[in-house]
>>> print(open('upload08.pdb').read())   # PDB, C-alpha atoms
ATOM      1  CA  MET P 142      -3.973 -10.059   3.824
ATOM      2  CA  GLU P 143      -3.977  -7.295   6.400
ATOM      3  CA  ARG P 144      -2.437  -4.094   4.970
ATOM      4  CA  PHE P 145      -3.704  -2.511   1.741
ATOM      5  CA  TYR P 146      -2.215   0.337  -0.297
ATOM      6  CA  ILE P 147      -4.750   2.285  -2.371
ATOM      7  CA  ILE P 148      -3.682   3.949  -5.622
ATOM      8  CA  THR P 149      -6.469   5.995  -7.207
ATOM      9  CA  ASN P 150      -6.688   7.566 -10.634
ATOM     10  CA  GLU P 151      -8.280  10.843  -9.582
ATOM     11  CA  MET P 152      -9.692  11.420 -13.081
ATOM     12  CA  LYS P 153     -11.669   8.168 -12.782
ATOM     13  CA  ASP P 154     -12.717   8.709  -9.141
ATOM     14  CA  PRO P 155     -12.592  12.520  -8.773
ATOM     15  CA  ASP P 156     -14.587  12.716  -5.561
ATOM     16  CA  PHE P 157     -12.955   9.578  -4.081
ATOM     17  CA  GLN P 158     -16.375   8.039  -3.639
ATOM     18  CA  VAL P 159     -15.228   4.542  -4.644
ATOM     19  CA  THR P 160     -11.906   4.962  -2.826
ATOM     20  CA  HIS P 161     -13.667   5.829   0.444
ATOM     21  CA  ARG P 162     -16.091   2.933  -0.044
ATOM     22  CA  ILE P 163     -13.135   0.538  -0.307
ATOM     23  CA  CYS P 164     -11.315   2.032   2.687
ATOM     24  CA  ASP P 165     -14.443   1.950   4.836
ATOM     25  CA  TYR P 166     -15.011  -1.710   4.030
ATOM     26  CA  ILE P 167     -11.379  -2.677   4.690
ATOM     27  CA  ARG P 168     -11.369  -0.881   8.036
ATOM     28  CA  SER P 169     -14.738  -2.367   9.003
ATOM     29  CA  CYS P 170     -13.076  -5.778   8.628
ATOM     30  CA  ASN P 171     -10.261  -4.752  10.983
ATOM     31  CA  ARG P 172      -7.676  -4.368   8.242
ATOM     32  CA  GLU P 173      -5.433  -1.397   7.504
ATOM     33  CA  CYS P 174      -5.848   0.911   4.515
ATOM     34  CA  ILE P 175      -3.245   3.464   3.362
ATOM     35  CA  LEU P 176      -3.779   5.977   0.538
ATOM     36  CA  ALA P 177      -0.922   6.657  -1.884
ATOM     37  CA  GLN P 178       0.704  10.084  -1.713
ATOM     38  CA  LYS P 179       1.384  11.689  -5.102
ATOM     39  CA  ASP P 180       3.250  14.679  -6.484
ATOM     40  CA  THR P 181       1.707  17.447  -8.593
ATOM     41  CA  LYS P 182       2.123  15.339 -11.767
ATOM     42  CA  GLY P 183       0.217  12.413 -10.304
ATOM     43  CA  TYR P 184       3.216  10.147  -9.627
ATOM     44  CA  ILE P 185       3.582   8.263  -6.345
ATOM     45  CA  LEU P 186       6.197   9.742  -4.016
ATOM     46  CA  PRO P 187       8.707   6.862  -3.733
ATOM     47  CA  GLU P 188       9.691   7.718  -0.176
ATOM     48  CA  SER P 189       6.028   7.541   0.897
ATOM     49  CA  ILE P 190       5.481   3.903  -0.115
ATOM     50  CA  PRO P 191       5.070   2.049   3.211
ATOM     51  CA  SER P 192       6.800  -1.215   4.040
ATOM     52  CA  ASP P 193       5.036  -4.488   4.836
ATOM     53  CA  ILE P 194       2.174  -3.864   2.409
ATOM     54  CA  ASP P 195       0.287  -7.031   1.450
ATOM     55  CA  CYS P 196      -1.472  -5.699  -1.647
ATOM     56  CA  ALA P 197      -1.856  -2.586  -3.768
ATOM     57  CA  LEU P 198      -5.419  -1.893  -4.898
ATOM     58  CA  VAL P 199      -5.316   0.204  -8.068
ATOM     59  CA  LEU P 200      -8.460   2.104  -9.099
ATOM     60  CA  GLY P 201      -8.567   3.086 -12.755
ATOM     61  CA  GLY P 202      -8.033   1.573 -16.171
ATOM     62  CA  ASP P 203      -5.171  -0.445 -17.606
ATOM     63  CA  GLY P 204      -3.056   2.701 -17.966
ATOM     64  CA  THR P 205      -3.292   3.318 -14.221
ATOM     65  CA  LEU P 206      -2.340  -0.291 -13.504
ATOM     66  CA  ILE P 207       0.659  -0.135 -15.812
ATOM     67  CA  GLN P 208       1.894   3.086 -14.218
ATOM     68  CA  ALA P 209       1.455   1.558 -10.758
ATOM     69  CA  ALA P 210       3.449  -1.535 -11.762
ATOM     70  CA  ARG P 211       6.311   0.688 -12.908
ATOM     71  CA  GLU P 212       6.222   2.857  -9.798
ATOM     72  CA  LEU P 213       6.097  -0.146  -7.444
ATOM     73  CA  ARG P 214       8.905  -2.062  -9.171
ATOM     74  CA  GLY P 215      11.453  -3.353  -6.722
ATOM     75  CA  THR P 216       8.982  -3.434  -3.816
ATOM     76  CA  GLY P 217       7.514  -6.883  -4.465
ATOM     77  CA  ILE P 218       4.008  -5.571  -3.734
ATOM     78  CA  PRO P 219       1.336  -7.547  -5.661
ATOM     79  CA  ILE P 220      -1.272  -5.515  -7.534
ATOM     80  CA  LEU P 221      -5.029  -5.952  -7.890
ATOM     81  CA  GLY P 222      -6.829  -3.782 -10.416
ATOM     82  CA  ILE P 223     -10.308  -2.354  -9.858
ATOM     83  CA  ASN P 224     -11.665  -1.405 -13.251
ATOM     84  CA  MET P 225     -12.935   2.137 -13.678
ATOM     85  CA  GLY P 226     -11.812   2.381 -17.305
ATOM     86  CA  THR P 227     -13.134   0.897 -20.533
ATOM     87  CA  LEU P 228     -11.715  -2.493 -21.600
ATOM     88  CA  GLY P 229      -9.629  -3.214 -18.517
ATOM     89  CA  TYR P 230      -7.690  -6.296 -19.598
ATOM     90  CA  LEU P 231      -5.543  -6.180 -16.449
ATOM     91  CA  ALA P 232      -8.260  -5.268 -13.955
ATOM     92  CA  GLU P 233      -9.728  -8.237 -12.072
ATOM     93  CA  VAL P 234     -12.509  -6.473 -10.172
ATOM     94  CA  GLU P 235     -15.487  -4.441 -11.346
ATOM     95  CA  VAL P 236     -16.867  -1.657  -9.155
ATOM     96  CA  ASN P 237     -20.178  -3.427  -8.519
ATOM     97  CA  ASN P 238     -18.592  -6.401  -6.691
ATOM     98  CA  ILE P 239     -15.705  -4.854  -4.777
ATOM     99  CA  GLU P 240     -16.652  -6.115  -1.298
ATOM    100  CA  GLU P 241     -17.068  -9.726  -2.393
ATOM    101  CA  ASN P 242     -13.634  -9.760  -3.996
ATOM    102  CA  LEU P 243     -11.922  -7.986  -1.103
ATOM    103  CA  SER P 244     -13.273 -10.677   1.203
ATOM    104  CA  ARG P 245     -11.436 -13.261  -0.890
ATOM    105  CA  LEU P 246      -8.198 -11.371  -0.308
ATOM    106  CA  PHE P 247      -8.793 -11.426   3.458
ATOM    107  CA  THR P 248      -8.803 -15.250   3.314
ATOM    108  CA  ASN P 249      -5.930 -15.462   0.795
ATOM    109  CA  ASN P 250      -8.238 -16.973  -1.822
ATOM    110  CA  TYR P 251      -6.331 -15.851  -4.917
ATOM    111  CA  TYR P 252      -3.318 -16.697  -7.070
ATOM    112  CA  MET P 253      -0.530 -14.684  -8.649
ATOM    113  CA  GLU P 254       0.191 -14.042 -12.322
ATOM    114  CA  PHE P 255       3.572 -12.616 -13.290
ATOM    115  CA  ARG P 256       4.116 -10.489 -16.388
ATOM    116  CA  MET P 257       7.399  -9.800 -18.141
ATOM    117  CA  MET P 258       8.761  -6.252 -17.959
ATOM    118  CA  MET P 259      11.440  -4.640 -20.118
ATOM    119  CA  GLN P 260      13.756  -1.665 -20.006
ATOM    120  CA  GLY P 261      15.269   0.682 -22.548
ATOM    121  CA  SER P 262      18.471   2.726 -22.394
ATOM    122  CA  VAL P 263      19.039   5.661 -24.753
ATOM    123  CA  ASN P 264      22.703   6.085 -25.730
ATOM    124  CA  GLY P 265      23.873   4.300 -22.588
ATOM    125  CA  ALA P 266      21.851   6.441 -20.144
ATOM    126  CA  PRO P 267      20.208   4.820 -17.086
ATOM    127  CA  PRO P 268      17.378   2.575 -18.319
ATOM    128  CA  LYS P 269      13.660   3.261 -18.031
ATOM    129  CA  SER P 270      11.161   0.465 -17.494
ATOM    130  CA  ALA P 271       8.041  -0.527 -19.416
ATOM    131  CA  VAL P 272       5.248  -3.043 -18.824
ATOM    132  CA  ASN P 273       3.460  -2.616 -22.158
ATOM    133  CA  ASP P 274       5.707  -1.213 -24.843
ATOM    134  CA  ILE P 275       8.549   1.019 -25.915
ATOM    135  CA  VAL P 276       7.598   3.037 -28.987
ATOM    136  CA  ILE P 277       9.761   5.089 -31.330
ATOM    137  CA  THR P 278       7.877   7.489 -33.582
ATOM    138  CA  ARG P 279       8.603  10.431 -35.865
ATOM    139  CA  GLU P 280       8.535  14.014 -34.669
ATOM    140  CA  GLY P 281       7.412  17.013 -36.660
ATOM    141  CA  SER P 282       6.159  16.806 -40.240
ATOM    142  CA  LEU P 283       4.513  13.758 -41.810
ATOM    143  CA  ARG P 284       7.241  11.542 -43.220
ATOM    144  CA  ILE P 285       8.663   8.063 -42.921
ATOM    145  CA  VAL P 286      11.703   7.390 -40.747
ATOM    146  CA  HIS P 287      14.596   4.993 -41.320
ATOM    147  CA  PHE P 288      15.190   2.503 -38.473
ATOM    148  CA  ASP P 289      17.921  -0.150 -38.276
ATOM    149  CA  ILE P 290      17.134  -2.956 -35.818
ATOM    150  CA  TYR P 291      19.882  -5.151 -34.363
ATOM    151  CA  VAL P 292      19.445  -8.309 -32.280
ATOM    152  CA  ASP P 293      22.392  -9.448 -30.168
ATOM    153  CA  GLY P 294      24.662  -7.243 -32.280
ATOM    154  CA  GLU P 295      23.485  -8.555 -35.667
ATOM    155  CA  LEU P 296      21.369  -6.522 -38.112
ATOM    156  CA  LEU P 297      17.871  -7.994 -38.166
ATOM    157  CA  ASN P 298      16.022  -5.614 -40.460
ATOM    158  CA  SER P 299      15.744  -2.037 -41.665
ATOM    159  CA  TYR P 300      12.410  -0.256 -41.811
ATOM    160  CA  LYS P 301      11.176   2.899 -43.434
ATOM    161  CA  ALA P 302       8.049   3.559 -41.366
ATOM    162  CA  ASP P 303       6.161   5.999 -39.155
ATOM    163  CA  GLY P 304       7.638   4.237 -36.140
ATOM    164  CA  VAL P 305       8.438   0.948 -34.411
ATOM    165  CA  ILE P 306       6.732  -0.729 -31.446
ATOM    166  CA  ILE P 307       8.639  -3.067 -29.140
ATOM    167  CA  SER P 308       5.984  -4.848 -27.093
ATOM    168  CA  THR P 309       5.833  -7.312 -24.212
ATOM    169  CA  PRO P 310       3.103  -9.983 -24.245
ATOM    170  CA  THR P 311       1.076  -7.776 -21.883
ATOM    171  CA  GLY P 312       1.339  -4.903 -24.349
ATOM    172  CA  SER P 313       0.387  -7.032 -27.350
ATOM    173  CA  THR P 314      -3.301  -6.071 -26.939
ATOM    174  CA  GLY P 315      -2.443  -2.348 -26.950
ATOM    175  CA  TYR P 316      -0.785  -0.225 -29.634
ATOM    176  CA  ASN P 317       0.775  -3.377 -31.096
ATOM    177  CA  LEU P 318      -2.684  -4.802 -31.862
ATOM    178  CA  SER P 319      -3.861  -1.512 -33.393
ATOM    179  CA  ALA P 320      -0.792  -1.536 -35.661
ATOM    180  CA  GLY P 321      -1.605  -5.034 -36.925
ATOM    181  CA  GLY P 322       0.642  -6.988 -34.564
ATOM    182  CA  PRO P 323      -0.196 -10.384 -33.047
ATOM    183  CA  ILE P 324      -1.957 -10.983 -29.740
ATOM    184  CA  VAL P 325       0.308 -12.932 -27.369
ATOM    185  CA  GLU P 326      -0.712 -14.874 -24.246
ATOM    186  CA  PRO P 327       0.218 -12.402 -21.479
ATOM    187  CA  THR P 328       2.362 -14.709 -19.320
ATOM    188  CA  ALA P 329       4.587 -15.668 -22.261
ATOM    189  CA  GLN P 330       8.208 -14.518 -22.327
ATOM    190  CA  MET P 331       9.035 -12.765 -25.608
ATOM    191  CA  PHE P 332       9.363  -9.485 -27.482
ATOM    192  CA  VAL P 333       7.174  -8.448 -30.414
ATOM    193  CA  ILE P 334       8.540  -5.921 -32.926
ATOM    194  CA  THR P 335       5.855  -4.259 -35.049
ATOM    195  CA  PRO P 336       6.503  -1.478 -37.567
ATOM    196  CA  ILE P 337       3.977   1.364 -37.710
ATOM    197  CA  CYS P 338       2.734   1.993 -41.266
ATOM    198  CA  PRO P 339       5.896   0.651 -42.963
ATOM    199  CA  HIS P 340       6.622   1.715 -46.550
ATOM    200  CA  SER P 341       7.173  -1.887 -47.592
ATOM    201  CA  LEU P 342       5.456  -4.981 -48.933
ATOM    202  CA  ASN P 343       6.648  -6.805 -45.800
ATOM    203  CA  THR P 344       4.606  -5.478 -42.874
ATOM    204  CA  SER P 345       4.821  -8.539 -40.618
ATOM    205  CA  SER P 346       5.720  -8.365 -36.959
ATOM    206  CA  ILE P 347       8.776 -10.211 -35.674
ATOM    207  CA  VAL P 348       8.713 -12.267 -32.465
ATOM    208  CA  LEU P 349      11.962 -12.645 -30.500
ATOM    209  CA  SER P 350      13.105 -14.454 -27.375
ATOM    210  CA  ALA P 351      12.929 -12.563 -24.090
ATOM    211  CA  GLU P 352      16.647 -13.262 -23.727
ATOM    212  CA  ASP P 353      17.540 -11.282 -26.855
ATOM    213  CA  ARG P 354      19.030  -7.798 -26.665
ATOM    214  CA  ILE P 355      17.493  -5.386 -29.153
ATOM    215  CA  GLU P 356      19.112  -2.192 -30.398
ATOM    216  CA  ILE P 357      17.399   0.322 -32.625
ATOM    217  CA  GLU P 358      19.433   2.973 -34.428
ATOM    218  CA  ILE P 359      17.883   6.044 -35.994
ATOM    219  CA  GLY P 360      19.031   6.267 -39.614
ATOM    220  CA  LYS P 361      19.605   9.280 -41.819
ATOM    221  CA  ALA P 362      16.737  11.247 -43.278
ATOM    222  CA  ARG P 363      16.096  11.489 -46.989
ATOM    223  CA  TYR P 364      19.036  12.960 -48.960
ATOM    224  CA  GLY P 365      21.309  12.364 -45.975
ATOM    225  CA  GLY P 366      19.608  14.818 -43.614
ATOM    226  CA  THR P 367      19.184  14.506 -39.856
ATOM    227  CA  GLU P 368      16.158  12.627 -38.586
ATOM    228  CA  GLN P 369      14.061  13.679 -35.572
ATOM    229  CA  THR P 370      12.169  11.036 -33.577
ATOM    230  CA  SER P 371      10.909  10.361 -30.053
ATOM    231  CA  VAL P 372      10.859   7.300 -27.796
ATOM    232  CA  SER P 373       8.230   6.711 -25.113
ATOM    233  CA  PHE P 374       7.891   4.108 -22.351
ATOM    234  CA  ASP P 375       4.316   2.906 -21.828
ATOM    235  CA  GLY P 376       3.247   6.161 -23.452
ATOM    236  CA  LYS P 377       5.181   8.257 -20.919
ATOM    237  CA  GLU P 378       8.534  10.015 -20.590
ATOM    238  CA  GLY P 379       9.083  10.970 -24.226
ATOM    239  CA  ILE P 380      12.770  11.395 -25.117
ATOM    240  CA  SER P 381      13.896  13.051 -28.344
ATOM    241  CA  LEU P 382      16.240  11.095 -30.622
ATOM    242  CA  THR P 383      18.137  12.061 -33.734
ATOM    243  CA  THR P 384      20.124  10.332 -36.476
ATOM    244  CA  GLY P 385      22.776   8.029 -35.000
ATOM    245  CA  ASP P 386      21.113   7.693 -31.602
ATOM    246  CA  ARG P 387      20.533   4.183 -30.295
ATOM    247  CA  ILE P 388      18.157   2.667 -27.790
ATOM    248  CA  ARG P 389      18.983  -0.691 -26.250
ATOM    249  CA  ILE P 390      16.049  -2.812 -25.065
ATOM    250  CA  GLU P 391      16.179  -5.913 -22.910
ATOM    251  CA  ARG P 392      14.142  -7.877 -20.439
ATOM    252  CA  MET P 393      14.097  -6.652 -16.836
ATOM    253  CA  GLY P 394      15.299  -8.919 -14.060
ATOM    254  CA  GLU P 395      11.962  -8.639 -12.240
ATOM    255  CA  SER P 396       8.359  -9.214 -13.273
ATOM    256  CA  ALA P 397       5.126  -7.370 -12.499
ATOM    257  CA  GLY P 398       2.952  -9.410 -10.130
ATOM    258  CA  PHE P 399      -0.828  -9.179 -10.571
ATOM    259  CA  ILE P 400      -3.393 -10.802  -8.285
ATOM    260  CA  LYS P 401      -5.879 -13.082 -10.038
ATOM    261  CA  LEU P 402      -9.255 -13.934  -8.549
ATOM    262  CA  SER P 403     -10.893 -15.512 -11.576
ATOM    263  CA  ASN P 404     -10.017 -18.713 -13.422
ATOM    264  CA  GLU P 405     -11.349 -17.230 -16.657
ATOM    265  CA  SER P 406      -8.827 -17.801 -19.456
ATOM    266  CA  PHE P 407      -7.116 -14.948 -21.250
ATOM    267  CA  LEU P 408      -8.828 -15.935 -24.519
ATOM    268  CA  LYS P 409     -12.287 -15.817 -22.921
ATOM    269  CA  THR P 410     -11.501 -12.480 -21.289
ATOM    270  CA  MET P 411     -10.320 -11.102 -24.629
ATOM    271  CA  ARG P 412     -13.485 -12.231 -26.423
ATOM    272  CA  ARG P 413     -15.658 -10.682 -23.710
ATOM    273  CA  LYS P 414     -13.760  -7.402 -23.538
ATOM    274  CA  MET P 415     -13.379  -6.960 -27.291
ATOM    275  CA  LYS P 416     -17.029  -7.655 -28.140
ATOM    276  CA  GLY P 417     -18.404  -4.681 -30.027
ATOM    277  CA  ASN P 418     -15.004  -2.916 -30.257
TER     278      ASN P 418
END
>>> encode(input="upload08.pdb", output="C-alpha cells")
Amino acid sequence: MERFYIITNEMKDPDFQVTHRICDYIRSCNRECILAQKDTKGYILPESIPSDIDCALVLGGDGTLIQAARELRGTGIPILGINMGTLGYLAEVEVNNIEENLSRLFTNNYYMEFRMMMQGSVNGAPPKSAVNDIVITREGSLRIVHFDIYVDGELLNSYKADGVIISTPTGSTGYNLSAGGPIVEPTAQMFVITPICPHSLNTSSIVLSAEDRIEIEIGKARYGGTEQTSVSFDGKEGISLTTGDRIRIERMGESAGFIKLSNESFLKTMRRKMKGN
C-alpha cells in the first residue's frame, strides 16, 4: 500500500497528536498521506475524496468507523480502524502499536472482511444507507407505538412497543444487543428484527434472510389518533414519520470492506471487549 487517507474524529484526537504521529510515520516510509476534508457538521466533503487511495485509516470509535463506511460507499476504499473509543469491535489497531501495524500494510500483510450493508426508503424517497441498524422509535410523550411489519409483501407481525430495530450482523452487538436481541457473527448475511420494550408476552427477535424485503408501516395511535415516530440510520439523519407512513428496508448491493490484521476470532474478540461491561 502506498496512498493512505486519514479520517479523524476530532473529539477523540482534538489536537491531532495521534493523526500527526501516523502521518509522520507514513511519510518517513516514503508513502503518501492525505487528510480528509470535512464540512462544518463533521461530514467528509464527497468531492474531496481523492482517487487511487489504497486504504482509509479511521481514528475514533466504532461510530466513527460506521460513519466512514457510509461516506466512502461506492469508492471501494478498504477501511482500517484505529481505536480511540471504548469497546471498538470494528477497530483492528490500538494506539500503542500503530507503527507495527502500519508496517504490515506496507507489505500487504493483511486480509479483507466484508460486512453487509442495508438501505431504507421512507415513502418511496431516495434510500439512505446503514451499516449497523435502522431504528424506528416514538416521538414525544411516553407511550407505546403500533408497528405492522411486512416481509416480501406479507404481514409478518404487529408490535405495540417503544420502537423497532432492524439490524445487520455488524449492528447486532449495538442497540440490538441492549434491547435483548441476539449476537450474530458479523460476516453473516441476514436481518435481525428486535422490538424495543414490546407490550407483549412474545419479545423474541426475528431473523430473516438478507434477500428479504422488509416494510414497516406506522399504525394508528390509541383511539384511532395519529402516531408520531422517527426513523434513524446508524443513529443519524432522523426523519419524522406519522400514521400510514412506510419505510422499506433491503440489503444494499455493496458491502463495507474492513482490513483485518489479526486472526483472532469474533467470539474471542467479543469476550475480551465485553469483559467487565
>>> atom_distance(input="upload08.pdb", atom1="atom CA of Asn249 of chain P", atom2="atom CA of Ala209 of chain P")
21.9 Å
>>> resolve_selection(input="upload08.pdb", expression="the PyMOL selection byres ((chain P and resi 179) around 12)", output="number ranges by chain")
P: 147-151, 176-178, 180-190, 209, 212
>>> write_last_selection(input="upload08.pdb", atoms="C-alpha atoms", output="JSON list (two decimals), keeping the file's coordinate frame")
[["chain", "number", "residue", "atom", "x", "y", "z"],
["P", 147, "ILE", "CA", -4.75, 2.28, -2.37],
["P", 148, "ILE", "CA", -3.68, 3.95, -5.62],
["P", 149, "THR", "CA", -6.47, 6.00, -7.21],
["P", 150, "ASN", "CA", -6.69, 7.57, -10.63],
["P", 151, "GLU", "CA", -8.28, 10.84, -9.58],
["P", 176, "LEU", "CA", -3.78, 5.98, 0.54],
["P", 177, "ALA", "CA", -0.92, 6.66, -1.88],
["P", 178, "GLN", "CA", 0.70, 10.08, -1.71],
["P", 180, "ASP", "CA", 3.25, 14.68, -6.48],
["P", 181, "THR", "CA", 1.71, 17.45, -8.59],
["P", 182, "LYS", "CA", 2.12, 15.34, -11.77],
["P", 183, "GLY", "CA", 0.22, 12.41, -10.30],
["P", 184, "TYR", "CA", 3.22, 10.15, -9.63],
["P", 185, "ILE", "CA", 3.58, 8.26, -6.34],
["P", 186, "LEU", "CA", 6.20, 9.74, -4.02],
["P", 187, "PRO", "CA", 8.71, 6.86, -3.73],
["P", 188, "GLU", "CA", 9.69, 7.72, -0.18],
["P", 189, "SER", "CA", 6.03, 7.54, 0.90],
["P", 190, "ILE", "CA", 5.48, 3.90, -0.12],
["P", 209, "ALA", "CA", 1.46, 1.56, -10.76],
["P", 212, "GLU", "CA", 6.22, 2.86, -9.80]]
>>> residues_around(input="upload08.pdb", residues="segment 171-173 of chain P", least_positions_apart="4", cutoff="10 Å", atoms="all atoms listed in the file", output="ChimeraX atom specification")
/P:142-146,164-167,194,247
>>> residues_around(input="upload08.pdb", residues="Gln260 of chain P", least_positions_apart="5", cutoff="8 Å", atoms="all atoms listed in the file", output="list in words")
Pro268, Lys269, Ser270, Ala271, Ile390, Glu391, Arg392 and Met393 of chain P
>>> resolve_selection(input="upload08.pdb", expression="the PyMOL selection byres ((chain P and resi 388) around 12)", output="PyMOL selection string")
chain P and resi 260-269+275-277+288-292+305+307+354-359+370-374+380-387+389-391
>>> atom_distance(input="upload08.pdb", atom1="atom CA of Ile239 of chain P", atom2="atom CA of Ser406 of chain P")
20.7 Å
>>> closest_residue(input="upload08.pdb", among="P:Met225, P:Leu342, P:Leu318, P:Ile306", to="Val199 of chain P", atoms="only C-alpha atoms")
P:Met225
>>> atom_distance(input="upload08.pdb", atom1="atom CA of Ile347 of chain P", atom2="atom CA of Leu297 of chain P")
9.7 Å
>>> residues_around(input="upload08.pdb", residues="Tyr316 of chain P", least_positions_apart="2", cutoff="10 Å", atoms="only C-alpha atoms", output="PyMOL selection string")
chain P and resi 273-274+276+306-308+312-314+318-322+335+337+375-376
>>> closest_residue(input="upload08.pdb", among="P:Met259, P:Ile163, P:Ala302, P:Leu402", to="Asp353 of chain P", atoms="all atoms listed in the file")
P:Met259
>>> residues_around(input="upload08.pdb", residues="Met331 of chain P", least_positions_apart="5", cutoff="7 Å", atoms="all atoms listed in the file", output="list in words")
Thr309, Pro310, Val348, Leu349, Ser350 and Ala351 of chain P
>>> closest_residue(input="upload08.pdb", among="P:Thr367, P:Ser403, P:Gln330, P:Ser341", to="Met257 of chain P", atoms="all atoms listed in the file")
P:Gln330
>>> closest_residue(input="upload08.pdb", among="P:Gly365, P:Asn250, P:Val333, P:Ile175", to="Gly315 of chain P", atoms="all atoms listed in the file")
P:Val333
>>> closest_residue(input="upload08.pdb", among="P:Ser244, P:Asn224, P:Ser282, P:Ser346", to="Asp154 of chain P", atoms="all atoms listed in the file")
P:Asn224
>>> resolve_selection(input="upload08.pdb", expression="the PyMOL selection byres ((chain P and resi 326) around 9)", output="list in words")
Pro310, Thr311, Ser313, Ile324, Val325, Pro327, Thr328, Ala329, Phe407 and Leu408 of chain P
>>> residues_near_point(input="upload08.pdb", point="(-14.0, -3.3, -10.8)", cutoff="10 Å", atoms="all atoms listed in the file", output="JSON list (two decimals) with C-alpha atoms, in the coordinates of the input")
[["chain", "number", "residue", "atom", "x", "y", "z"],
["P", 199, "VAL", "CA", -5.32, 0.20, -8.07],
["P", 200, "LEU", "CA", -8.46, 2.10, -9.10],
["P", 201, "GLY", "CA", -8.57, 3.09, -12.76],
["P", 202, "GLY", "CA", -8.03, 1.57, -16.17],
["P", 221, "LEU", "CA", -5.03, -5.95, -7.89],
["P", 222, "GLY", "CA", -6.83, -3.78, -10.42],
["P", 223, "ILE", "CA", -10.31, -2.35, -9.86],
["P", 224, "ASN", "CA", -11.66, -1.40, -13.25],
["P", 225, "MET", "CA", -12.94, 2.14, -13.68],
["P", 226, "GLY", "CA", -11.81, 2.38, -17.30],
["P", 229, "GLY", "CA", -9.63, -3.21, -18.52],
["P", 232, "ALA", "CA", -8.26, -5.27, -13.96],
["P", 233, "GLU", "CA", -9.73, -8.24, -12.07],
["P", 234, "VAL", "CA", -12.51, -6.47, -10.17],
["P", 235, "GLU", "CA", -15.49, -4.44, -11.35],
["P", 236, "VAL", "CA", -16.87, -1.66, -9.15],
["P", 237, "ASN", "CA", -20.18, -3.43, -8.52],
["P", 238, "ASN", "CA", -18.59, -6.40, -6.69],
["P", 239, "ILE", "CA", -15.70, -4.85, -4.78],
["P", 242, "ASN", "CA", -13.63, -9.76, -4.00]]
